>>> print(open('my_file00.cif').read())   # mmCIF, C-alpha atoms
data_work
loop_
_atom_site.label_atom_id
_atom_site.label_comp_id
_atom_site.auth_asym_id
_atom_site.auth_seq_id
_atom_site.Cartn_x
_atom_site.Cartn_y
_atom_site.Cartn_z
CA LEU V 1 75.51 128.59 100.33
CA GLN V 2 74.39 125.13 101.24
CA GLY V 3 73.84 122.45 98.64
CA ASN V 4 72.63 118.90 98.65
CA LEU V 5 72.56 116.13 96.07
CA PRO V 6 69.30 114.18 96.12
CA SER V 7 70.76 111.39 93.99
CA GLN V 8 74.10 110.12 92.78
CA ARG V 9 73.65 111.85 89.43
CA LEU V 10 73.23 115.59 89.51
CA GLU V 11 69.63 115.85 88.33
CA GLN V 12 69.07 118.88 90.50
CA LEU V 13 70.87 120.90 93.12
CA ASP V 14 69.00 122.25 96.11
CA LEU V 15 70.43 125.55 97.30
CA VAL V 16 69.78 127.54 100.42
CA PHE V 17 71.14 131.02 99.86
CA ALA V 18 70.56 133.97 102.21
CA GLY V 19 67.86 131.94 103.94
CA LYS V 20 65.91 131.23 100.74
CA HIS V 21 65.50 127.85 99.03
CA TYR V 22 66.24 127.44 95.31
CA VAL V 23 66.20 124.37 93.07
CA PHE V 24 68.71 124.39 90.23
CA HIS V 25 68.55 122.00 87.25
CA PRO V 26 71.92 121.71 85.50
CA GLU V 27 70.64 122.49 82.02
CA GLN V 28 68.41 125.45 82.81
CA ALA V 29 69.09 129.13 82.17
CA GLY V 30 71.38 130.74 84.71
CA LYS V 31 73.69 127.73 84.77
CA GLN V 32 76.85 129.82 84.34
CA ALA V 33 75.93 132.02 87.29
CA VAL V 34 75.46 128.99 89.54
CA LEU V 35 78.72 127.44 88.32
CA ALA V 36 80.46 130.72 89.18
CA LEU V 37 79.09 130.44 92.73
CA LEU V 38 80.25 126.83 93.01
CA GLU V 39 83.79 127.58 91.88
CA ASN V 40 84.15 130.72 94.02
CA PRO V 41 86.64 129.78 96.78
CA ASP V 42 85.59 132.77 98.92
CA LEU V 43 81.97 131.63 99.20
CA PRO V 44 81.74 129.01 102.02
CA LYS V 45 79.65 125.98 101.12
CA ALA V 46 78.18 123.12 103.10
CA VAL V 47 77.47 120.14 100.85
CA ALA V 48 76.13 116.76 101.90
CA ASP V 49 78.39 114.16 100.24
CA PRO V 50 80.17 116.63 97.91
CA LYS V 51 81.98 113.98 95.84
CA GLU V 52 79.23 113.89 93.22
CA LEU V 53 79.26 117.68 92.97
CA TYR V 54 83.06 117.68 92.61
CA LYS V 55 82.72 115.21 89.72
CA TYR V 56 79.91 117.18 88.12
CA MET V 57 82.12 120.27 88.12
CA MET V 58 85.02 118.29 86.65
CA GLY V 59 82.69 117.31 83.82
CA GLN V 60 82.02 121.01 83.24
CA GLY V 61 85.76 121.69 83.08
CA LYS V 62 85.59 123.58 86.37
CA ALA V 63 86.52 123.00 90.02
CA LEU V 64 84.19 123.07 93.01
CA GLN V 65 85.87 125.28 95.63
CA GLY V 66 85.05 126.63 99.07
CA VAL V 67 83.54 123.48 100.58
CA THR V 68 83.87 124.06 104.31
CA ASP V 69 81.45 121.46 105.61
CA ASP V 70 79.94 118.07 104.86
CA PRO V 71 77.37 117.07 107.52
CA SER V 72 77.48 113.43 106.38
CA LEU V 73 81.22 113.29 106.98
CA ALA V 74 80.93 115.19 110.28
CA GLY V 75 78.21 112.77 111.44
CA TYR V 76 80.43 109.83 110.52
CA LEU V 77 83.42 111.19 112.45
CA TYR V 78 81.25 111.84 115.48
CA GLU V 79 79.63 108.38 115.44
CA PRO V 80 81.54 106.00 113.10
CA GLY V 81 79.42 102.98 114.01
CA ALA V 82 76.05 104.27 112.75
CA SER V 83 74.32 102.48 109.89
CA SER V 84 74.15 105.51 107.56
CA TYR V 85 74.79 109.24 107.40
CA GLY V 86 71.96 110.50 105.22
CA ILE V 87 70.74 114.02 105.95
CA GLN V 88 67.29 112.78 106.96
CA GLY V 89 68.72 110.38 109.57
CA LEU V 90 71.18 112.97 110.87
CA GLY V 91 68.39 115.55 111.07
CA GLU V 92 66.22 113.24 113.15
CA GLU V 93 69.11 112.56 115.52
CA PHE V 94 70.67 116.01 115.90
CA LEU V 95 67.94 118.58 115.11
CA PRO V 96 65.06 119.29 117.49
CA ALA V 97 62.83 120.20 114.53
CA ALA V 98 64.17 118.78 111.26
CA SER V 99 62.41 120.27 108.24
CA GLY V 100 62.71 117.15 106.09
CA GLU V 101 64.09 119.35 103.30
CA ALA V 102 67.62 118.15 102.66
CA ALA V 103 69.16 121.55 101.89
CA GLN V 104 67.62 123.31 104.92
CA ASP V 105 68.62 120.44 107.19
CA THR V 106 72.14 120.48 105.73
CA ALA V 107 72.39 124.16 106.71
CA ALA V 108 70.94 123.57 110.18
CA LEU V 109 73.16 120.55 110.90
CA VAL V 110 76.47 122.36 110.28
CA PRO V 111 76.73 124.33 113.56
CA VAL V 112 75.31 121.44 115.62
CA LEU V 113 77.77 118.90 114.26
CA ARG V 114 80.63 121.42 114.45
CA ASP V 115 79.96 121.72 118.19
CA ARG V 116 79.90 117.93 118.59
CA LEU V 117 83.22 117.54 116.78
CA GLN V 118 84.74 120.31 118.89
CA GLU V 119 83.65 118.48 122.07
CA ARG V 120 85.57 115.38 121.00
CA GLY V 121 88.63 117.16 119.67
CA LEU V 122 87.90 116.07 116.10
CA THR V 123 87.81 119.49 114.39
CA ARG V 124 91.41 119.40 113.18
CA LEU V 125 90.99 115.87 111.77
CA TYR V 126 87.79 116.99 110.02
CA GLU V 127 89.23 120.17 108.51
CA THR V 128 92.76 119.12 107.58
CA ILE V 129 92.37 115.47 106.60
CA GLU V 130 88.82 114.26 105.99
CA LEU V 131 87.34 117.23 104.09
CA PRO V 132 90.33 117.69 101.75
CA LEU V 133 90.45 113.91 101.19
CA THR V 134 86.91 113.99 99.77
CA GLU V 135 88.11 116.05 96.80
CA ASN V 136 90.97 113.59 96.23
CA LEU V 137 88.52 110.68 96.27
CA ALA V 138 86.27 112.44 93.78
CA GLU V 139 89.24 112.90 91.45
CA MET V 140 90.22 109.23 91.86
CA GLU V 141 86.68 108.14 91.01
CA TRP V 142 86.56 110.51 88.04
CA ASN V 143 89.88 109.24 86.65
CA GLY V 144 89.16 105.56 87.23
CA ILE V 145 91.58 102.74 86.44
CA THR V 146 92.26 101.08 83.08
CA ILE V 147 91.68 97.39 82.56
CA ASP V 148 93.43 95.51 79.75
CA GLN V 149 90.46 94.39 77.63
CA ALA V 150 92.49 91.84 75.64
CA MET V 151 93.73 90.19 78.84
CA LEU V 152 90.22 90.26 80.31
CA ASP V 153 88.90 88.43 77.21
CA GLU V 154 91.76 85.93 77.51
CA VAL V 155 91.07 85.27 81.20
CA THR V 156 87.33 84.93 80.47
CA GLU V 157 88.08 82.23 77.90
CA GLU V 158 90.50 80.46 80.26
CA MET V 159 87.96 80.49 83.09
CA THR V 160 85.20 79.13 80.86
CA LYS V 161 87.41 76.23 79.74
CA LYS V 162 88.52 75.47 83.33
CA VAL V 163 84.94 75.46 84.60
CA GLN V 164 83.85 73.15 81.75
CA ALA V 165 86.79 70.80 82.41
CA LEU V 166 85.98 70.60 86.14
CA GLU V 167 82.34 69.93 85.32
CA GLN V 168 83.29 67.03 83.01
CA GLN V 169 85.68 65.56 85.58
CA ALA V 170 82.89 65.65 88.17
CA PHE V 171 80.54 63.87 85.72
CA ASP V 172 83.21 61.19 85.16
CA GLN V 173 83.63 60.67 88.92
CA ALA V 174 79.86 60.52 89.43
CA GLY V 175 79.20 58.24 86.46
CA GLU V 176 76.39 60.54 85.33
CA GLN V 177 75.62 64.13 84.45
CA PHE V 178 74.03 66.38 87.07
CA ASN V 179 73.63 70.07 87.84
CA LEU V 180 76.56 71.08 90.07
CA ASN V 181 74.70 74.25 91.03
CA SER V 182 71.66 72.36 92.33
CA PRO V 183 71.93 71.47 96.07
CA LYS V 184 69.10 68.95 95.62
CA GLN V 185 70.76 67.06 92.76
CA LEU V 186 74.18 67.27 94.42
CA GLY V 187 72.77 65.98 97.72
CA ALA V 188 71.07 63.03 96.04
CA LEU V 189 74.28 62.13 94.21
CA LEU V 190 76.63 62.42 97.21
CA PHE V 191 74.49 60.86 99.94
CA GLU V 192 72.23 58.44 98.07
CA LYS V 193 74.17 57.24 95.02
CA LEU V 194 77.75 57.54 96.36
CA GLY V 195 76.72 56.74 99.96
CA LEU V 196 78.84 59.44 101.63
CA PRO V 197 78.14 60.10 105.34
CA VAL V 198 75.38 62.63 105.96
CA ILE V 199 76.88 65.50 107.97
CA LYS V 200 73.91 67.85 108.20
CA LYS V 201 70.32 68.07 107.01
CA THR V 202 68.15 71.13 106.32
CA LYS V 203 64.38 71.55 105.96
CA THR V 204 64.70 70.98 102.21
CA GLY V 205 67.08 67.99 102.33
CA TYR V 206 70.80 67.35 102.59
CA SER V 207 73.15 70.23 103.29
CA THR V 208 75.91 70.67 100.70
CA SER V 209 77.43 73.80 102.25
CA ALA V 210 81.16 74.51 102.03
CA GLU V 211 81.53 73.47 105.66
CA VAL V 212 79.90 70.08 104.95
CA LEU V 213 81.93 69.51 101.79
CA GLU V 214 85.19 70.27 103.63
CA LYS V 215 84.41 67.44 106.07
CA LEU V 216 83.66 65.10 103.17
CA ARG V 217 86.99 65.74 101.39
CA PRO V 218 88.67 62.49 102.63
CA HIS V 219 85.72 60.35 101.52
CA HIS V 220 85.67 60.90 97.74
CA PRO V 221 87.77 62.72 95.09
CA ILE V 222 84.66 64.35 93.61
CA ILE V 223 84.51 66.71 96.59
CA ASP V 224 87.71 68.52 95.61
CA LEU V 225 86.31 69.00 92.10
CA ILE V 226 83.03 70.43 93.40
CA LEU V 227 84.79 72.87 95.76
CA GLU V 228 87.14 74.06 93.00
CA TYR V 229 84.19 74.37 90.60
CA ARG V 230 82.32 76.54 93.10
CA GLN V 231 85.35 78.76 93.71
CA LEU V 232 85.98 79.27 89.99
CA THR V 233 82.34 79.95 89.08
CA LYS V 234 82.10 82.49 91.89
CA LEU V 235 85.30 84.23 90.75
CA ASN V 236 84.06 84.18 87.18
CA SER V 237 80.64 85.67 87.89
CA THR V 238 81.80 88.16 90.52
CA TYR V 239 85.01 89.43 88.96
CA VAL V 240 85.64 88.34 85.38
CA GLU V 241 82.08 88.75 84.07
CA GLY V 242 81.34 91.37 86.74
CA LEU V 243 84.24 93.63 85.73
CA SER V 244 83.27 93.39 82.05
CA LYS V 245 79.91 94.97 82.88
CA VAL V 246 81.36 98.05 84.59
CA ILE V 247 83.99 99.14 82.07
CA ALA V 248 82.99 102.67 81.02
CA GLY V 249 83.20 104.12 77.53
CA ASP V 250 86.70 105.42 78.26
CA GLY V 251 87.94 101.86 78.88
CA ARG V 252 88.32 102.51 82.59
CA ILE V 253 86.53 101.28 85.71
CA HIS V 254 85.21 104.05 87.96
CA THR V 255 84.73 102.51 91.38
CA CYS V 256 83.20 104.47 94.24
CA PHE V 257 85.43 105.10 97.27
CA GLN V 258 83.22 105.29 100.35
CA ASN V 259 84.70 107.27 103.25
CA THR V 260 81.73 107.01 105.64
CA VAL V 261 81.14 103.25 105.71
CA THR V 262 83.69 101.40 107.83
CA ALA V 263 83.79 101.90 111.58
CA THR V 264 87.60 101.77 111.53
CA GLY V 265 88.08 104.72 109.17
CA ARG V 266 89.48 102.86 106.18
CA LEU V 267 88.01 103.39 102.72
CA SER V 268 85.66 100.92 101.15
CA SER V 269 85.34 100.36 97.40
CA THR V 270 81.94 99.65 95.83
CA GLU V 271 80.35 99.39 92.39
CA PRO V 272 82.55 97.40 91.82
CA ASN V 273 84.53 96.40 94.89
CA LEU V 274 88.16 96.53 93.76
CA GLN V 275 89.53 95.87 97.25
CA ASN V 276 88.77 92.17 97.60
CA ILE V 277 90.01 90.77 94.31
CA PRO V 278 91.79 87.57 95.43
CA THR V 279 95.59 87.50 95.64
CA ARG V 280 96.53 83.99 96.71
CA THR V 281 95.06 81.97 93.84
CA GLU V 282 96.55 81.80 90.37
CA VAL V 283 93.32 83.17 88.91
CA GLY V 284 93.37 86.07 91.38
CA LYS V 285 96.93 86.98 90.40
CA ARG V 286 95.94 86.92 86.72
CA MET V 287 93.00 89.21 87.46
CA ARG V 288 95.23 91.72 89.23
CA GLU V 289 97.52 91.77 86.21
CA MET V 290 94.58 93.04 84.13
CA PHE V 291 94.77 96.45 85.82
CA VAL V 292 97.25 98.62 83.92
CA PRO V 293 98.35 102.29 84.05
CA GLY V 294 96.50 103.21 80.85
CA LYS V 295 96.89 106.19 78.55
CA ASP V 296 98.81 109.21 79.95
CA TYR V 297 99.91 107.23 83.04
CA ASP V 298 103.36 105.69 83.54
CA LEU V 299 102.89 103.13 86.28
CA LEU V 300 100.77 101.78 89.11
CA MET V 301 102.36 102.05 92.55
CA SER V 302 101.48 99.90 95.54
CA CYS V 303 102.27 101.31 99.00
CA ASP V 304 101.71 100.00 102.48
CA TYR V 305 102.60 101.14 105.98
CA SER V 306 104.97 98.87 107.88
CA GLN V 307 103.25 97.74 111.10
CA VAL V 308 101.52 101.11 111.47
CA GLU V 309 99.20 100.09 114.33
CA LEU V 310 102.04 98.56 116.35
CA ARG V 311 104.20 101.64 115.79
CA VAL V 312 101.41 103.90 117.06
CA MET V 313 100.85 101.59 120.03
CA ALA V 314 104.59 101.54 120.83
CA SER V 315 104.66 105.35 120.76
CA ILE V 316 101.58 105.77 122.95
CA ALA V 317 102.53 103.07 125.45
CA GLN V 318 106.27 103.90 125.36
CA ASP V 319 106.89 100.16 125.54
CA GLU V 320 110.68 99.79 125.62
CA LEU V 321 110.81 96.39 123.93
CA LEU V 322 108.58 97.46 121.04
CA LEU V 323 110.42 100.77 120.65
CA ASP V 324 113.78 99.00 120.67
CA SER V 325 112.52 96.50 118.10
CA PHE V 326 111.42 99.23 115.71
CA ARG V 327 114.55 101.31 116.24
CA HIS V 328 116.70 98.36 115.19
CA GLY V 329 114.50 97.34 112.26
CA GLN V 330 113.70 93.93 113.75
CA ASP V 331 110.77 91.71 112.79
CA VAL V 332 108.33 92.60 115.58
CA HIS V 333 106.64 89.19 115.62
CA ALA V 334 109.98 87.37 115.77
CA ARG V 335 111.11 89.64 118.63
CA THR V 336 107.82 88.97 120.48
CA ALA V 337 108.30 85.21 120.09
CA SER V 338 111.91 85.54 121.25
CA GLU V 339 110.82 87.35 124.44
CA ILE V 340 107.91 85.00 125.20
CA PHE V 341 109.77 81.72 124.69
CA GLY V 342 113.20 82.89 125.84
CA VAL V 343 114.81 81.93 122.53
CA PRO V 344 117.54 84.03 120.87
CA LEU V 345 116.12 86.12 118.00
CA ASP V 346 118.23 84.40 115.34
CA GLN V 347 116.85 81.01 116.41
CA VAL V 348 113.13 81.89 116.22
#
>>> encode(input="my_file00.cif", output="structure tokens")
Amino acid sequence: LQGNLPSQRLEQLDLVFAGKHYVFHPEQAGKQAVLALLENPDLPKAVADPKELYKYMMGQGKALQGVTDDPSLAGYLYEPGASSYGIQGLGEEFLPAASGEAAQDTAALVPVLRDRLQERGLTRLYETIELPLTENLAEMEWNGITIDQAMLDEVTEEMTKKVQALEQQAFDQAGEQFNLNSPKQLGALLFEKLGLPVIKKTKTGYSTSAEVLEKLRPHHPIIDLILEYRQLTKLNSTYVEGLSKVIAGDGRIHTCFQNTVTATGRLSSTEPNLQNIPTRTEVGKRMREMFVPGKDYDLLMSCDYSQVELRVMASIAQDELLLDSFRHGQDVHARTASEIFGVPLDQV
């Protein structure tokens, strides 16, 4: 059985079974028979991007089982730097005569990509880590994460007041009202009225980019206000207002964890991106506090590897200094500085 999802929602499922092509619509007659095939662990299945199918089955109160291949994932492992891993693109690259039909090409790609992975010694990684991880990711997406709505409303109000206060302070410094979001009005104010030095010009007038404003900081206190205003309005629109729009009916945010996007192998979070919520600013810390365990969960746990890349490198290179540093629980960077500058470790 080979299946393919033509869209993120399961509007239809293309099946190739015993060499014949079938199109299954979730609400049509025969649904229970197809669900029985999908949850049969003894029936091998190749599915392009099976996460959506895993989630569909969860919604039916069932579990997708027997997924032995995902050509998109195999293509990613083989060539992690490619721009995308859609079946059409993979078919054009790896099949001498791609049919253009996603399900048929899914079926045809499996043995080809299996051979490629075998050549590079990636089969074990594919079978024991990456494929099983896909089901975990689907479950994580399905469960989502709770956001404290009351705190979100509170932060929204705080941000609005801060932005308004910064705007008024900028008006006071300028001696007039102007649109802080208009590069044209801002340029006229800074370089014509206030007489600040012109750093850079564009085809449309004065540049008011972040780089330019940073250089103008010593020349006038209004610059600090404008930079802080920009930072806060961006945080507000991207995260505070942005998160409000993606809270589902269950009060949780269901981000998408992409496992075929980064060239380095790490996951990427999209719709919304929960990985780059700021940490260093006070506002960023407040935003992170909004994420809570939610109903039926006890806590949120944060885990990180300690110097994982350096530990791997020390093991591969068998570098005595690095190995000794790790064995004795030393700060690797302090030990490195100690060796380079010839300074005792406790004096670094």
>>> atom_distance(input="my_file00.cif", atom1="atom CA of V:Asp304", atom2="atom CA of V:Val283")
23.2 Å
>>> residues_around(input="my_file00.cif", residues="V:Gly251", least_positions_apart="5", cutoff="9 Å", atoms="all atoms listed in the file", output="ChimeraX atom specification")
/V:145-149,294
>>> residues_around(input="my_file00.cif", residues="V:Glu93", least_positions_apart="4", cutoff="12 Å", atoms="only C-alpha atoms", output="list in words")
Gly75, Glu79, Ala82, Ser84, Tyr85, Gly86, Ile87, Gln88, Gly89, Ala97, Ala98, Asp105, Leu109, Val112 and Leu113 of chain V
>>> residues_near_point(input="my_file00.cif", point="(102.2, 100.5, 89.5)", cutoff="12 Å", atoms="all atoms listed in the file", output="PyMOL selection string")
chain V and resi 145-146+288-294+297-303
>>> resolve_selection(input="my_file00.cif", expression="the PyMOL selection byres ((chain V and resi 117-123) around 12)", output="VMD selection string")
chain V and resid 68 to 69 71 73 to 79 110 to 116 124 to 131
>>> atom_distance(input="my_file00.cif", atom1="atom CA of V:Thr204", atom2="atom CA of V:Leu166")
26.7 Å
>>> atom_distance(input="my_file00.cif", atom1="atom CA of V:Glu139", atom2="atom CA of V:Glu39")
15.7 Å
>>> residues_around(input="my_file00.cif", residues="V:Trp142", least_positions_apart="5", cutoff="10 Å", atoms="only C-alpha atoms", output="JSON, numbers by chain")
{"V": [51, 52, 54, 55, 56, 58, 59, 136, 137, 252, 253, 254, 255, 256]}
>>> axis_aligned_box(input="my_file00.cif", around="stretch 333-345 of chain V", padding_each_side="6 Å", output="lines of an AutoDock Vina configuration file")
center_x = 112.1
center_y = 85.7
center_z = 120.7
size_x = 22.9
size_y = 19.9
size_z = 22.2
>>> closest_residue(input="my_file00.cif", among="V:Leu43, V:Pro80, V:Leu38, V:Val155", to="V:Gln60", atoms="all atoms listed in the file")
V:Leu38
>>> closest_residue(input="my_file00.cif", among="V:Glu11, V:Glu135, V:Glu101, V:Glu211", to="V:Asn259", atoms="all atoms listed in the file")
V:Glu135
>>> residues_around(input="my_file00.cif", residues="stretch 193-203 of chain V", least_positions_apart="5", cutoff="7 Å", atoms="all atoms listed in the file", output="ChimeraX atom specification")
/V:188,212,219
>>> write_last_selection(input="my_file00.cif", atoms="C-alpha atoms", output="PDB file, in the frame of the given file")
ATOM      1  CA  ALA V 188      71.070  63.030  96.040  1.00  0.00           C
ATOM      2  CA  VAL V 212      79.900  70.080 104.950  1.00  0.00           C
ATOM      3  CA  HIS V 219      85.720  60.350 101.520  1.00  0.00           C
TER       4      HIS V 219
END
>>> resolve_selection(input="my_file00.cif", expression="the PyMOL selection byres ((chain V and resi 210) around 12)", output="PyMOL selection string")
chain V and resi 183+199-200+207-209+211-217+223-224+226-231
>>> write_last_selection(input="my_file00.cif", atoms="C-alpha atoms", output="PDB file, in the coordinates of the input")
ATOM      1  CA  PRO V 183      71.930  71.470  96.070  1.00  0.00           C
ATOM      2  CA  ILE V 199      76.880  65.500 107.970  1.00  0.00           C
ATOM      3  CA  LYS V 200      73.910  67.850 108.200  1.00  0.00           C
ATOM      4  CA  SER V 207      73.150  70.230 103.290  1.00  0.00           C
ATOM      5  CA  THR V 208      75.910  70.670 100.700  1.00  0.00           C
ATOM      6  CA  SER V 209      77.430  73.800 102.250  1.00  0.00           C
ATOM      7  CA  GLU V 211      81.530  73.470 105.660  1.00  0.00           C
ATOM      8  CA  VAL V 212      79.900  70.080 104.950  1.00  0.00           C
ATOM      9  CA  LEU V 213      81.930  69.510 101.790  1.00  0.00           C
ATOM     10  CA  GLU V 214      85.190  70.270 103.630  1.00  0.00           C
ATOM     11  CA  LYS V 215      84.410  67.440 106.070  1.00  0.00           C
ATOM     12  CA  LEU V 216      83.660  65.100 103.170  1.00  0.00           C
ATOM     13  CA  ARG V 217      86.990  65.740 101.390  1.00  0.00           C
ATOM     14  CA  ILE V 223      84.510  66.710  96.590  1.00  0.00           C
ATOM     15  CA  ASP V 224      87.710  68.520  95.610  1.00  0.00           C
ATOM     16  CA  ILE V 226      83.030  70.430  93.400  1.00  0.00           C
ATOM     17  CA  LEU V 227      84.790  72.870  95.760  1.00  0.00           C
ATOM     18  CA  GLU V 228      87.140  74.060  93.000  1.00  0.00           C
ATOM     19  CA  TYR V 229      84.190  74.370  90.600  1.00  0.00           C
ATOM     20  CA  ARG V 230      82.320  76.540  93.100  1.00  0.00           C
ATOM     21  CA  GLN V 231      85.350  78.760  93.710  1.00  0.00           C
TER      22      GLN V 231
END
>>> resolve_selection(input="my_file00.cif", expression="the PyMOL selection byres ((chain V and resi 336-345) around 12)", output="short mmCIF file (atom, residue, chain, number, x, y, z; two decimals) with C-alpha atoms, in the coordinates of the input")
data_model
loop_
_atom_site.label_atom_id
_atom_site.label_comp_id
_atom_site.auth_asym_id
_atom_site.auth_seq_id
_atom_site.Cartn_x
_atom_site.Cartn_y
_atom_site.Cartn_z
CA LEU V 310 102.04 98.56 116.35
CA LEU V 321 110.81 96.39 123.93
CA LEU V 322 108.58 97.46 121.04
CA ASP V 324 113.78 99.00 120.67
CA SER V 325 112.52 96.50 118.10
CA PHE V 326 111.42 99.23 115.71
CA GLN V 330 113.70 93.93 113.75
CA ASP V 331 110.77 91.71 112.79
CA VAL V 332 108.33 92.60 115.58
CA HIS V 333 106.64 89.19 115.62
CA ALA V 334 109.98 87.37 115.77
CA ARG V 335 111.11 89.64 118.63
CA ASP V 346 118.23 84.40 115.34
CA GLN V 347 116.85 81.01 116.41
CA VAL V 348 113.13 81.89 116.22
#
>>> closest_residue(input="my_file00.cif", among="V:Leu95, V:Thr264, V:Phe171, V:Glu282", to="V:Glu158", atoms="only C-alpha atoms")
V:Glu282
>>> residues_around(input="my_file00.cif", residues="V:Pro41", least_positions_apart="5", cutoff="10 Å", atoms="only C-alpha atoms", output="mmCIF file with C-alpha atoms, keeping the file's coordinate frame")
data_model
loop_
_atom_site.group_PDB
_atom_site.id
_atom_site.type_symbol
_atom_site.label_atom_id
_atom_site.label_comp_id
_atom_site.auth_asym_id
_atom_site.auth_seq_id
_atom_site.Cartn_x
_atom_site.Cartn_y
_atom_site.Cartn_z
ATOM 1 C CA ALA V 36 80.460 130.720 89.180
ATOM 2 C CA ALA V 63 86.520 123.000 90.020
ATOM 3 C CA LEU V 64 84.190 123.070 93.010
ATOM 4 C CA GLN V 65 85.870 125.280 95.630
ATOM 5 C CA GLY V 66 85.050 126.630 99.070
ATOM 6 C CA VAL V 67 83.540 123.480 100.580
ATOM 7 C CA THR V 68 83.870 124.060 104.310
#
>>> decode(input="my_file00.cif", residues="stretch 172-188 of chain V", atoms="N, CA and C atoms", output="mmCIF file, in the first residue's frame")
data_model
loop_
_atom_site.group_PDB
_atom_site.id
_atom_site.type_symbol
_atom_site.label_atom_id
_atom_site.label_comp_id
_atom_site.auth_asym_id
_atom_site.auth_seq_id
_atom_site.Cartn_x
_atom_site.Cartn_y
_atom_site.Cartn_z
ATOM 1 N N ASP V 172 7.292 64.199 21.749
ATOM 2 C CA ASP V 172 7.796 65.268 22.612
ATOM 3 C C ASP V 172 9.216 65.667 22.211
ATOM 4 N N GLN V 173 10.055 64.665 21.905
ATOM 5 C CA GLN V 173 11.430 64.943 21.493
ATOM 6 C C GLN V 173 11.473 65.667 20.150
ATOM 7 N N ALA V 174 10.535 65.305 19.274
ATOM 8 C CA ALA V 174 10.517 65.883 17.917
ATOM 9 C C ALA V 174 9.866 67.255 17.885
ATOM 10 N N GLY V 175 9.007 67.522 18.876
ATOM 11 C CA GLY V 175 8.265 68.780 18.879
ATOM 12 C C GLY V 175 7.095 68.779 17.925
ATOM 13 N N GLU V 176 6.747 67.609 17.431
ATOM 14 C CA GLU V 176 5.589 67.481 16.520
ATOM 15 C C GLU V 176 5.177 66.012 16.420
ATOM 16 N N GLN V 177 3.992 65.782 15.916
ATOM 17 C CA GLN V 177 3.535 64.410 15.696
ATOM 18 C C GLN V 177 3.936 63.958 14.289
ATOM 19 N N PHE V 178 4.306 62.697 14.162
ATOM 20 C CA PHE V 178 4.655 62.140 12.858
ATOM 21 C C PHE V 178 4.416 60.635 12.899
ATOM 22 N N ASN V 179 4.417 60.013 11.752
ATOM 23 C CA ASN V 179 4.189 58.569 11.668
ATOM 24 C C ASN V 179 5.525 57.838 11.817
ATOM 25 N N LEU V 180 5.708 57.183 12.967
ATOM 26 C CA LEU V 180 6.976 56.490 13.227
ATOM 27 C C LEU V 180 7.205 55.332 12.269
ATOM 28 N N ASN V 181 6.139 54.852 11.641
ATOM 29 C CA ASN V 181 6.274 53.720 10.712
ATOM 30 C C ASN V 181 6.524 54.165 9.277
ATOM 31 N N SER V 182 6.590 55.478 9.052
ATOM 32 C CA SER V 182 6.811 55.999 7.697
ATOM 33 C C SER V 182 8.272 56.406 7.535
ATOM 34 N N PRO V 183 9.063 55.673 6.729
ATOM 35 C CA PRO V 183 10.469 56.052 6.502
ATOM 36 C C PRO V 183 10.606 57.470 5.943
ATOM 37 N N LYS V 184 9.634 57.881 5.118
ATOM 38 C CA LYS V 184 9.704 59.213 4.501
ATOM 39 C C LYS V 184 9.564 60.311 5.552
ATOM 40 N N GLN V 185 8.515 60.168 6.407
ATOM 41 C CA GLN V 185 8.303 61.174 7.453
ATOM 42 C C GLN V 185 9.435 61.160 8.474
ATOM 43 N N LEU V 186 9.916 59.974 8.820
ATOM 44 C CA LEU V 186 10.995 59.842 9.791
ATOM 45 C C LEU V 186 12.280 60.457 9.240
ATOM 46 N N GLY V 187 12.559 60.201 7.955
ATOM 47 C CA GLY V 187 13.749 60.762 7.318
ATOM 48 C C GLY V 187 13.719 62.282 7.299
ATOM 49 N N ALA V 188 12.561 62.839 6.956
ATOM 50 C CA ALA V 188 12.429 64.301 6.915
ATOM 51 C C ALA V 188 12.665 64.901 8.299
#
